[in-house]
$ cat target13.cif   # mmCIF, C-alpha atoms and all ligand atoms
data_input
#
loop_
_atom_site.group_PDB
_atom_site.id
_atom_site.type_symbol
_atom_site.label_atom_id
_atom_site.label_comp_id
_atom_site.auth_asym_id
_atom_site.auth_seq_id
_atom_site.Cartn_x
_atom_site.Cartn_y
_atom_site.Cartn_z
ATOM 1 C CA MET A 1 0.000 0.000 0.000
ATOM 2 C CA ASP A 2 1.499 3.293 -1.019
ATOM 3 C CA LEU A 3 0.525 6.364 1.007
ATOM 4 C CA ARG A 4 3.352 8.468 -0.397
ATOM 5 C CA GLY A 5 2.354 12.084 -0.983
ATOM 6 C CA ARG A 6 -0.971 11.789 0.847
ATOM 7 C CA HIS A 7 -2.171 14.625 3.030
ATOM 8 C CA VAL A 8 -3.209 13.647 6.552
ATOM 9 C CA ILE A 9 -6.049 16.038 7.224
ATOM 10 C CA SER A 10 -8.855 13.885 8.630
ATOM 11 C CA ILE A 11 -9.240 10.243 9.697
ATOM 12 C CA ALA A 12 -12.316 10.234 7.489
ATOM 13 C CA ASP A 13 -9.978 10.417 4.521
ATOM 14 C CA PHE A 14 -8.471 6.974 5.275
ATOM 15 C CA SER A 15 -9.871 3.461 4.628
ATOM 16 C CA ARG A 16 -9.767 0.696 7.239
ATOM 17 C CA GLU A 17 -6.908 -0.970 5.376
ATOM 18 C CA GLU A 18 -4.988 2.213 5.219
ATOM 19 C CA ILE A 19 -5.401 2.777 8.962
ATOM 20 C CA LEU A 20 -4.254 -0.778 9.784
ATOM 21 C CA HIS A 21 -1.281 -0.328 7.490
ATOM 22 C CA ILE A 22 -0.216 2.795 9.385
ATOM 23 C CA LEU A 23 -0.535 0.980 12.736
ATOM 24 C CA ARG A 24 1.619 -1.959 11.524
ATOM 25 C CA SER A 25 4.181 0.466 10.265
ATOM 26 C CA ALA A 26 4.299 2.189 13.655
ATOM 27 C CA ALA A 27 4.941 -1.180 15.365
ATOM 28 C CA GLU A 28 7.856 -1.854 12.987
ATOM 29 C CA MET A 29 9.225 1.562 13.795
ATOM 30 C CA GLU A 30 9.188 0.776 17.482
ATOM 31 C CA LEU A 31 11.155 -2.438 16.891
ATOM 32 C CA GLY A 32 13.723 -0.753 14.663
ATOM 33 C CA ARG A 33 17.416 -1.744 15.118
ATOM 34 C CA PRO A 34 19.361 1.529 14.980
ATOM 35 C CA ALA A 35 22.762 1.491 13.314
ATOM 36 C CA GLU A 36 23.683 4.994 14.536
ATOM 37 C CA PRO A 37 23.701 5.782 18.265
ATOM 38 C CA LEU A 38 20.605 7.977 18.279
ATOM 39 C CA ALA A 39 18.801 6.459 15.324
ATOM 40 C CA GLY A 40 15.162 6.127 16.232
ATOM 41 C CA ARG A 41 15.415 8.797 18.923
ATOM 42 C CA LEU A 42 13.500 12.012 18.662
ATOM 43 C CA MET A 43 14.485 15.406 19.973
ATOM 44 C CA ALA A 44 11.963 18.190 20.507
ATOM 45 C CA THR A 45 13.154 21.771 20.348
ATOM 46 C CA LEU A 46 10.786 24.150 22.111
ATOM 47 C CA PHE A 47 12.076 27.647 21.530
ATOM 48 C CA PHE A 48 9.902 30.290 23.137
ATOM 49 C CA GLU A 49 12.613 32.855 22.280
ATOM 50 C CA PRO A 50 14.686 33.475 19.142
ATOM 51 C CA SER A 51 17.857 31.474 18.527
ATOM 52 C CA THR A 52 20.198 30.649 15.688
ATOM 53 C CA ARG A 53 23.144 28.751 17.182
ATOM 54 C CA THR A 54 21.581 26.871 20.069
ATOM 55 C CA ARG A 55 18.628 25.468 18.187
ATOM 56 C CA LEU A 56 20.381 24.732 14.919
ATOM 57 C CA SER A 57 23.496 23.235 16.488
ATOM 58 C CA PHE A 58 21.304 20.981 18.633
ATOM 59 C CA GLU A 59 19.446 19.924 15.531
ATOM 60 C CA ALA A 60 22.682 19.339 13.628
ATOM 61 C CA ALA A 61 24.055 17.331 16.566
ATOM 62 C CA MET A 62 20.991 15.121 16.739
ATOM 63 C CA LEU A 63 20.931 14.544 12.993
ATOM 64 C CA LYS A 64 24.631 13.700 12.902
ATOM 65 C CA LEU A 65 24.010 11.047 15.545
ATOM 66 C CA GLY A 66 21.284 9.508 13.434
ATOM 67 C CA GLY A 67 18.404 10.942 15.458
ATOM 68 C CA ARG A 68 15.508 13.080 14.435
ATOM 69 C CA VAL A 69 14.226 16.470 15.423
ATOM 70 C CA MET A 70 10.951 18.295 15.786
ATOM 71 C CA GLY A 71 9.847 21.455 17.486
ATOM 72 C CA PHE A 72 8.949 25.066 17.132
ATOM 73 C CA SER A 73 10.959 28.231 17.014
ATOM 74 C CA ASP A 74 8.007 30.574 17.253
ATOM 75 C CA PRO A 75 5.841 30.188 20.355
ATOM 76 C CA GLY A 76 3.135 32.054 18.495
ATOM 77 C CA SER A 77 2.650 28.908 16.414
ATOM 78 C CA SER A 78 2.218 26.703 19.513
ATOM 79 C CA SER A 79 -0.724 26.369 21.886
ATOM 80 C CA ALA A 80 1.126 28.596 24.349
ATOM 81 C CA LYS A 81 -0.504 31.308 22.276
ATOM 82 C CA LYS A 82 -3.907 29.941 23.408
ATOM 83 C CA GLY A 83 -2.846 30.075 27.032
ATOM 84 C CA GLU A 84 -1.583 26.508 27.554
ATOM 85 C CA SER A 85 0.724 26.340 30.557
ATOM 86 C CA LEU A 86 4.352 25.382 30.178
ATOM 87 C CA ALA A 87 3.787 22.368 32.462
ATOM 88 C CA ASP A 88 0.997 21.050 30.237
ATOM 89 C CA THR A 89 3.082 21.655 27.114
ATOM 90 C CA ILE A 90 5.901 19.586 28.607
ATOM 91 C CA ARG A 91 3.501 16.831 29.732
ATOM 92 C CA MET A 92 2.563 16.440 26.089
ATOM 93 C CA ILE A 93 5.985 16.745 24.518
ATOM 94 C CA GLU A 94 7.517 14.169 26.887
ATOM 95 C CA ARG A 95 5.068 11.687 25.400
ATOM 96 C CA TYR A 96 6.248 12.513 21.893
ATOM 97 C CA ALA A 97 10.007 12.949 22.248
ATOM 98 C CA ASP A 98 12.976 11.261 23.919
ATOM 99 C CA VAL A 99 14.636 14.515 24.882
ATOM 100 C CA ILE A 100 13.485 18.112 25.102
ATOM 101 C CA VAL A 101 15.643 21.149 24.374
ATOM 102 C CA MET A 102 13.979 24.326 25.521
ATOM 103 C CA ARG A 103 14.618 28.058 25.550
ATOM 104 C CA HIS A 104 12.240 30.249 27.510
ATOM 105 C CA PRO A 105 12.176 33.932 28.506
ATOM 106 C CA ARG A 106 11.320 33.181 32.155
ATOM 107 C CA ASP A 107 13.989 32.491 34.758
ATOM 108 C CA GLY A 108 13.388 29.040 36.222
ATOM 109 C CA ALA A 109 11.261 27.778 33.322
ATOM 110 C CA ALA A 110 13.691 24.955 32.496
ATOM 111 C CA ARG A 111 13.686 23.728 36.099
ATOM 112 C CA LEU A 112 9.887 23.740 36.108
ATOM 113 C CA ALA A 113 9.892 21.737 32.871
ATOM 114 C CA ALA A 114 12.338 19.203 34.295
ATOM 115 C CA GLU A 115 10.103 18.703 37.326
ATOM 116 C CA VAL A 116 7.198 17.521 35.216
ATOM 117 C CA SER A 117 9.115 15.656 32.491
ATOM 118 C CA ARG A 118 10.130 11.997 32.506
ATOM 119 C CA VAL A 119 12.520 12.579 29.595
ATOM 120 C CA PRO A 120 15.648 14.728 29.867
ATOM 121 C CA VAL A 121 15.052 18.451 29.518
ATOM 122 C CA ILE A 122 18.039 20.459 28.275
ATOM 123 C CA ASN A 123 18.000 24.143 29.055
ATOM 124 C CA GLY A 124 18.842 26.207 25.985
ATOM 125 C CA GLY A 125 18.628 29.404 28.045
ATOM 126 C CA ASP A 126 16.020 30.580 30.558
ATOM 127 C CA GLY A 127 15.551 34.312 30.979
ATOM 128 C CA SER A 128 18.623 35.951 32.424
ATOM 129 C CA ASN A 129 19.280 32.863 34.495
ATOM 130 C CA GLN A 130 21.393 30.113 32.875
ATOM 131 C CA HIS A 131 22.523 28.741 29.523
ATOM 132 C CA PRO A 132 24.425 25.610 30.523
ATOM 133 C CA THR A 133 25.156 24.069 27.135
ATOM 134 C CA GLN A 134 26.697 27.359 26.029
ATOM 135 C CA THR A 135 28.906 27.046 29.059
ATOM 136 C CA PHE A 136 29.981 23.523 28.152
ATOM 137 C CA LEU A 137 31.009 24.766 24.723
ATOM 138 C CA ASP A 138 32.688 27.845 26.203
ATOM 139 C CA LEU A 139 34.695 25.626 28.548
ATOM 140 C CA TYR A 140 35.487 23.222 25.731
ATOM 141 C CA THR A 141 36.669 26.124 23.572
ATOM 142 C CA ILE A 142 38.801 27.651 26.298
ATOM 143 C CA SER A 143 40.338 24.325 27.310
ATOM 144 C CA ARG A 144 41.297 23.532 23.711
ATOM 145 C CA ILE A 145 43.356 26.730 23.558
ATOM 146 C CA PHE A 146 44.462 26.872 27.190
ATOM 147 C CA PRO A 147 44.707 23.437 28.813
ATOM 148 C CA GLN A 148 45.818 25.234 31.977
ATOM 149 C CA LEU A 149 42.186 26.273 32.495
ATOM 150 C CA VAL A 150 41.650 23.219 34.669
ATOM 151 C CA GLU A 151 44.542 24.197 36.949
ATOM 152 C CA GLY A 152 43.156 27.676 37.557
ATOM 153 C CA GLY A 153 45.939 29.343 35.610
ATOM 154 C CA LEU A 154 43.864 31.737 33.537
ATOM 155 C CA THR A 155 42.637 35.286 33.735
ATOM 156 C CA VAL A 156 39.200 35.556 32.168
ATOM 157 C CA GLY A 157 37.623 38.940 31.521
ATOM 158 C CA PHE A 158 33.903 39.557 31.161
ATOM 159 C CA ALA A 159 32.718 42.695 29.426
ATOM 160 C CA GLY A 160 29.324 44.152 28.568
ATOM 161 C CA ASP A 161 25.961 43.255 30.036
ATOM 162 C CA LEU A 162 26.989 41.230 33.067
ATOM 163 C CA ARG A 163 23.674 41.732 34.825
ATOM 164 C CA TYR A 164 21.356 40.041 32.349
ATOM 165 C CA GLY A 165 23.877 37.969 30.369
ATOM 166 C CA ARG A 166 22.965 34.388 31.275
ATOM 167 C CA THR A 167 26.023 33.001 29.492
ATOM 168 C CA VAL A 168 28.200 35.079 31.811
ATOM 169 C CA HIS A 169 26.429 33.796 34.908
ATOM 170 C CA SER A 170 26.764 30.174 33.798
ATOM 171 C CA LEU A 171 30.427 30.516 32.881
ATOM 172 C CA ILE A 172 31.393 32.259 36.127
ATOM 173 C CA SER A 173 29.678 29.494 38.098
ATOM 174 C CA ALA A 174 31.567 26.897 36.055
ATOM 175 C CA LEU A 175 34.904 28.650 36.565
ATOM 176 C CA CYS A 176 34.377 28.165 40.301
ATOM 177 C CA HIS A 177 35.320 24.527 39.696
ATOM 178 C CA PHE A 178 38.692 25.518 38.253
ATOM 179 C CA GLY A 179 39.885 28.690 39.977
ATOM 180 C CA GLY A 180 41.808 31.546 38.373
ATOM 181 C CA ARG A 181 41.281 35.268 38.088
ATOM 182 C CA ILE A 182 38.265 37.164 36.781
ATOM 183 C CA LYS A 183 38.159 40.766 35.560
ATOM 184 C CA LEU A 184 34.812 42.503 35.141
ATOM 185 C CA VAL A 185 33.878 45.609 33.182
ATOM 186 C CA ALA A 186 30.263 46.668 32.735
ATOM 187 C CA PRO A 187 28.235 49.847 32.278
ATOM 188 C CA ARG A 188 26.620 51.283 35.388
ATOM 189 C CA GLY A 189 23.434 49.380 36.115
ATOM 190 C CA LEU A 190 24.571 46.281 34.204
ATOM 191 C CA GLU A 191 27.113 45.022 36.735
ATOM 192 C CA LEU A 192 27.352 41.372 37.699
ATOM 193 C CA PRO A 193 24.706 40.425 40.290
ATOM 194 C CA PRO A 194 26.426 40.166 43.681
ATOM 195 C CA GLN A 195 25.641 36.479 44.204
ATOM 196 C CA TYR A 196 27.952 35.477 41.323
ATOM 197 C CA GLU A 197 30.769 37.594 42.698
ATOM 198 C CA GLN A 198 30.213 36.074 46.144
ATOM 199 C CA GLU A 199 30.155 32.578 44.665
ATOM 200 C CA ALA A 200 33.455 33.188 42.869
ATOM 201 C CA ARG A 201 35.109 34.542 46.010
ATOM 202 C CA ALA A 202 33.785 31.678 48.102
ATOM 203 C CA HIS A 203 35.536 29.312 45.690
ATOM 204 C CA GLY A 204 38.827 31.159 45.982
ATOM 205 C CA LEU A 205 38.784 33.006 42.666
ATOM 206 C CA HIS A 206 40.327 36.434 42.535
ATOM 207 C CA ILE A 207 37.580 38.623 41.079
ATOM 208 C CA GLU A 208 37.735 42.377 40.555
ATOM 209 C CA THR A 209 36.214 45.150 38.493
ATOM 210 C CA VAL A 210 38.497 47.023 36.107
ATOM 211 C CA PRO A 211 37.794 50.584 34.948
ATOM 212 C CA THR A 212 37.857 50.189 31.178
ATOM 213 C CA LEU A 213 37.495 47.682 28.385
ATOM 214 C CA GLN A 214 41.105 48.413 27.431
ATOM 215 C CA ALA A 215 42.254 47.416 30.925
ATOM 216 C CA ALA A 216 40.444 44.093 30.546
ATOM 217 C CA ILE A 217 41.914 43.498 27.087
ATOM 218 C CA ASP A 218 45.434 44.085 28.403
ATOM 219 C CA ALA A 219 45.066 41.853 31.466
ATOM 220 C CA CYS A 220 43.251 38.784 30.168
ATOM 221 C CA ASP A 221 44.019 35.446 28.561
ATOM 222 C CA VAL A 222 40.394 35.180 27.489
ATOM 223 C CA LEU A 223 38.025 38.094 27.033
ATOM 224 C CA TYR A 224 34.369 37.101 27.034
ATOM 225 C CA MET A 225 32.373 39.842 25.334
ATOM 226 C CA THR A 226 28.602 40.142 25.519
ATOM 227 C CA ARG A 227 26.037 42.163 23.693
ATOM 228 C CA LEU A 228 24.623 45.366 25.140
ATOM 229 C CA GLN A 229 20.886 45.393 24.719
ATOM 230 C CA GLU A 230 19.544 48.789 23.795
ATOM 231 C CA GLU A 231 16.255 48.148 25.580
ATOM 232 C CA ARG A 232 18.107 48.022 28.913
ATOM 233 C CA PHE A 233 18.861 51.744 28.615
ATOM 234 C CA PRO A 234 16.026 54.189 29.281
ATOM 235 C CA ASP A 235 17.976 57.001 27.618
ATOM 236 C CA PRO A 236 18.995 56.435 23.944
ATOM 237 C CA LEU A 237 21.759 59.032 24.247
ATOM 238 C CA GLU A 238 23.277 57.169 27.178
ATOM 239 C CA PHE A 239 23.149 53.951 25.151
ATOM 240 C CA ASP A 240 25.010 55.568 22.242
ATOM 241 C CA HIS A 241 27.702 56.802 24.606
ATOM 242 C CA ILE A 242 28.107 53.432 26.383
ATOM 243 C CA LYS A 243 27.995 51.502 23.103
ATOM 244 C CA ALA A 244 31.051 53.387 21.888
ATOM 245 C CA SER A 245 33.020 52.567 25.040
ATOM 246 C CA TYR A 246 32.165 48.845 24.874
ATOM 247 C CA ARG A 247 33.349 48.242 21.342
ATOM 248 C CA ILE A 248 36.578 46.403 20.550
ATOM 249 C CA THR A 249 38.440 47.429 17.433
ATOM 250 C CA ALA A 250 41.580 45.837 16.008
ATOM 251 C CA SER A 251 43.689 48.831 17.039
ATOM 252 C CA MET A 252 42.834 48.208 20.715
ATOM 253 C CA LEU A 253 44.438 44.772 20.542
ATOM 254 C CA SER A 254 48.023 45.925 20.008
ATOM 255 C CA SER A 255 48.679 45.842 23.772
ATOM 256 C CA ALA A 256 46.933 42.494 24.361
ATOM 257 C CA LYS A 257 48.891 39.309 25.082
ATOM 258 C CA PRO A 258 49.613 37.667 21.709
ATOM 259 C CA SER A 259 47.866 34.534 22.953
ATOM 260 C CA MET A 260 44.755 36.384 24.182
ATOM 261 C CA ARG A 261 41.522 35.119 22.655
ATOM 262 C CA ILE A 262 38.180 36.884 22.376
ATOM 263 C CA LEU A 263 35.063 34.815 22.880
ATOM 264 C CA HIS A 264 31.469 35.904 22.423
ATOM 265 C CA PRO A 265 28.360 33.723 22.636
ATOM 266 C CA LEU A 266 27.016 35.627 19.606
ATOM 267 C CA PRO A 267 25.060 37.226 18.101
ATOM 268 C CA ARG A 268 27.215 40.337 18.171
ATOM 269 C CA VAL A 269 25.836 43.695 17.211
ATOM 270 C CA ASN A 270 28.289 46.570 17.728
ATOM 271 C CA GLU A 271 30.614 45.337 20.409
ATOM 272 C CA ILE A 272 33.236 43.692 18.183
ATOM 273 C CA ALA A 273 34.225 45.586 15.058
ATOM 274 C CA ALA A 274 34.530 43.555 11.865
ATOM 275 C CA ASP A 275 38.271 44.319 11.644
ATOM 276 C CA VAL A 276 38.798 42.183 14.776
ATOM 277 C CA ASP A 277 37.669 39.101 12.819
ATOM 278 C CA ASP A 278 40.953 39.083 10.906
ATOM 279 C CA THR A 279 43.168 39.168 13.999
ATOM 280 C CA VAL A 280 44.623 36.128 15.770
ATOM 281 C CA HIS A 281 42.547 37.080 18.807
ATOM 282 C CA ALA A 282 39.143 36.410 17.219
ATOM 283 C CA HIS A 283 37.868 33.036 18.321
ATOM 284 C CA TYR A 284 34.100 33.450 18.461
ATOM 285 C CA PHE A 285 33.261 31.649 15.227
ATOM 286 C CA THR A 286 35.333 28.618 16.242
ATOM 287 C CA GLN A 287 33.580 28.807 19.603
ATOM 288 C CA ALA A 288 30.169 28.676 17.914
ATOM 289 C CA ALA A 289 31.268 25.753 15.717
ATOM 290 C CA ASN A 290 32.221 23.829 18.858
ATOM 291 C CA GLY A 291 28.529 23.822 19.718
ATOM 292 C CA ILE A 292 28.006 20.798 17.516
ATOM 293 C CA PRO A 293 30.461 18.290 19.064
ATOM 294 C CA VAL A 294 29.627 19.498 22.549
ATOM 295 C CA ARG A 295 25.905 19.132 22.008
ATOM 296 C CA GLN A 296 26.468 15.741 20.377
ATOM 297 C CA ALA A 297 28.208 14.665 23.567
ATOM 298 C CA ILE A 298 25.401 16.034 25.744
ATOM 299 C CA LEU A 299 22.684 14.347 23.716
ATOM 300 C CA GLY A 300 24.568 11.071 23.519
ATOM 301 C CA LEU A 301 25.145 11.037 27.231
ATOM 302 C CA VAL A 302 21.696 12.060 28.436
ATOM 303 C CA LEU A 303 20.205 9.463 26.129
ATOM 304 C CA GLY A 304 22.613 6.785 27.288
ATOM 305 C CA ALA A 305 23.955 6.138 23.816
ATOM 306 C CA VAL A 306 27.621 6.965 24.167
HETATM 307 N N1 LIG B 401 24.859 31.687 21.819
HETATM 308 C C1 LIG B 401 23.536 31.593 21.623
HETATM 309 O O1 LIG B 401 22.779 31.188 22.532
HETATM 310 O O2 LIG B 401 23.132 31.953 20.381
HETATM 311 P P1 LIG B 401 21.649 31.886 19.861
HETATM 312 O O3 LIG B 401 20.848 32.888 20.660
HETATM 313 O O4 LIG B 401 21.722 32.200 18.416
HETATM 314 O O5 LIG B 401 21.145 30.489 20.145
#
$ encode --input "target13.cif" --output "structure tokens"
Amino acid sequence: MDLRGRHVISIADFSREEILHILRSAAEMELGRPAEPLAGRLMATLFFEPSTRTRLSFEAAMLKLGGRVMGFSDPGSSSAKKGESLADTIRMIERYADVIVMRHPRDGAARLAAEVSRVPVINGGDGSNQHPTQTFLDLYTISRIFPQLVEGGLTVGFAGDLRYGRTVHSLISALCHFGGRIKLVAPRGLELPPQYEQEARAHGLHIETVPTLQAAIDACDVLYMTRLQEERFPDPLEFDHIKASYRITASMLSSAKPSMRILHPLPRVNEIAADVDDTVHAHYFTQAANGIPVRQAILGLVLGAV
């Protein structure tokens, strides 16, 4: 029986034989013998906020492992738009998928999802809270260049929006496992929340604020830049002024250590000039590419396949 090309609009459109054929086919699917580690496994991507790298690198990772993907990247196309709760959405998706990757604007949303899900939930970023898989790839990227990361031998600078930047919060928490020195530079009002500074100190890291972006560039082995979000500034004139002082250009790198590398979770807007891309210090595109092997590892592990 060939159902190729048929629309599936209503059960009334299908004969008894056609329905039985579909059910037999489903049973064969369930018994399938995968040749690739995640063949036959399904990943759901629930993105309630925009994303390029996180969603697409997760999808690429799953596909490379032989798995499949489904999901939405626009919550307006999901029943969230009709008022369905996140908990109910997860209770449905866990019945469809083997693993859920989710990004949500609300702090704590991923934890809530994990509490009601029987399949692994992977946080692709929740509000200004955490973005753990970005941190795994940041750590992977840093450790590939500087193996001394794990011995606490590095100075890592963080510049830009340290208050709302969830990738910054996650990475500082992770660095607490390794030690080292941290330099901070942020516009007034966008400083690192005190709990992260306290956490770093409690773990023996030396953490301090430096007065300028140039001071951070000159002191660091790794400079982690973040995007300044215009909407955080009530006064557009103040934003224009701050934007100019949080922008790296190639000429500012002449006093940096030759081995210094600039990371950025991306997307960038103004904070790294295009002429930096051609310097030895630019490492953000390699960093983004590392998202695929790192997310392959995460998927393989949480699904017990590697
Ligand atoms: N780094 C990161 O989270 O990028 P996206 O927002 O494009 O996923």
$ residues_near_ligand --input "target13.cif" --ligand "ligand LIG 401 (chain B)" --cutoff "8 Å" --atoms "only C-alpha atoms and all ligand atoms" --output "PyMOL selection string"
chain A and resi 50-56+124-125+131+134+167+264-267+288
$ atom_distance --input "target13.cif" --atom1 "CA of Ser254 (chain A)" --atom2 "CA of Phe285 (chain A)"
21.1 Å
$ resolve_selection --input "target13.cif" --expression "the PyMOL selection byres (((chain A and resi 45) around 7) and not hetatm)" --output "number ranges by chain"
A: 43-44, 46-47, 55, 70-72, 100-102
$ write_last_selection --input "target13.cif" --atoms "C-alpha atoms" --output "PDB file, keeping the file's coordinate frame"
ATOM      1  CA  MET A  43      14.485  15.406  19.973  1.00  0.00           C
ATOM      2  CA  ALA A  44      11.963  18.190  20.507  1.00  0.00           C
ATOM      3  CA  LEU A  46      10.786  24.150  22.111  1.00  0.00           C
ATOM      4  CA  PHE A  47      12.076  27.647  21.530  1.00  0.00           C
ATOM      5  CA  ARG A  55      18.628  25.468  18.187  1.00  0.00           C
ATOM      6  CA  MET A  70      10.951  18.295  15.786  1.00  0.00           C
ATOM      7  CA  GLY A  71       9.847  21.455  17.486  1.00  0.00           C
ATOM      8  CA  PHE A  72       8.949  25.066  17.132  1.00  0.00           C
ATOM      9  CA  ILE A 100      13.485  18.112  25.102  1.00  0.00           C
ATOM     10  CA  VAL A 101      15.643  21.149  24.374  1.00  0.00           C
ATOM     11  CA  MET A 102      13.979  24.326  25.521  1.00  0.00           C
TER      12      MET A 102
END
$ resolve_selection --input "target13.cif" --expression "the PyMOL selection byres (((chain A and resi 181) around 10) and not hetatm)" --output "number ranges by chain"
A: 152-157, 175, 179-180, 182-183, 200, 204-208, 220-221
$ closest_residue --input "target13.cif" --among "A:His7, A:Arg232, A:Arg144, A:Arg166" --to "Asp107 (chain A)" --atoms "all atoms listed in the file"
A:Arg166
$ atom_distance --input "target13.cif" --atom1 "CA of Tyr196 (chain A)" --atom2 "CA of Ile122 (chain A)"
22.2 Å
$ closest_residue --input "target13.cif" --among "A:Asn270, A:Thr279, A:Thr89, A:Thr133" --to "Leu112 (chain A)" --atoms "all atoms listed in the file"
A:Thr89
$ residues_around --input "target13.cif" --residues "Arg261 (chain A)" --least-positions-apart "3" --cutoff "9 Å" --atoms "only C-alpha atoms" --output "list in words"
Ile142, Ile145, Cys220, Asp221, Val222, Leu223, Tyr224, Lys257, Pro258, Val280, His281, Ala282, His283 and Tyr284 of chain A
$ resolve_selection --input "target13.cif" --expression "the PyMOL selection byres (((chain A and resi 76-80) around 12) and not hetatm)" --output "list in words"
Leu46, Phe47, Phe48, Glu49, Pro50, Gly71, Phe72, Ser73, Asp74, Pro75, Lys81, Lys82, Gly83, Glu84, Ser85, Leu86, Ala87, Asp88, Thr89, Ile90, Met92, Ile93 and His104 of chain A
$ closest_residue --input "target13.cif" --among "A:Leu42, A:Ile262, A:Met225, A:Ala113" --to "Val99 (chain A)" --atoms "all atoms listed in the file"
A:Leu42
$ residues_around --input "target13.cif" --residues "Pro132 (chain A)" --least-positions-apart "2" --cutoff "7 Å" --atoms "all atoms listed in the file" --output "list of chain:residue names"
A:Asn123, A:Gln130, A:Gln134, A:Thr135, A:Phe136, A:Ser170
$ write_last_selection --input "target13.cif" --atoms "C-alpha atoms" --output "compact mmCIF listing (two decimals), in the frame of the given file"
# COMPACT_ATOMS: atom_id res chain seq x y z
CA ASN A 123 18.00 24.14 29.06
CA GLN A 130 21.39 30.11 32.88
CA GLN A 134 26.70 27.36 26.03
CA THR A 135 28.91 27.05 29.06
CA PHE A 136 29.98 23.52 28.15
CA SER A 170 26.76 30.17 33.80
$ atom_distance --input "target13.cif" --atom1 "CA of Gln198 (chain A)" --atom2 "CA of His169 (chain A)"
12.1 Å
$ closest_residue --input "target13.cif" --among "A:Val121, A:His21, A:Arg91, A:Val69" --to "Val302 (chain A)" --atoms "only C-alpha atoms"
A:Val121
$ residues_around --input "target13.cif" --residues "Val185 (chain A)" --least-positions-apart "6" --cutoff "7 Å" --atoms "all atoms listed in the file" --output "list in words"
Phe158, Ala159, Gly160, Thr209, Val210, Pro211, Thr212 and Leu213 of chain A
$ closest_residue --input "target13.cif" --among "A:Arg4, A:Arg295, A:Arg95, A:Lys243" --to "Ser117 (chain A)" --atoms "all atoms listed in the file"
A:Arg95
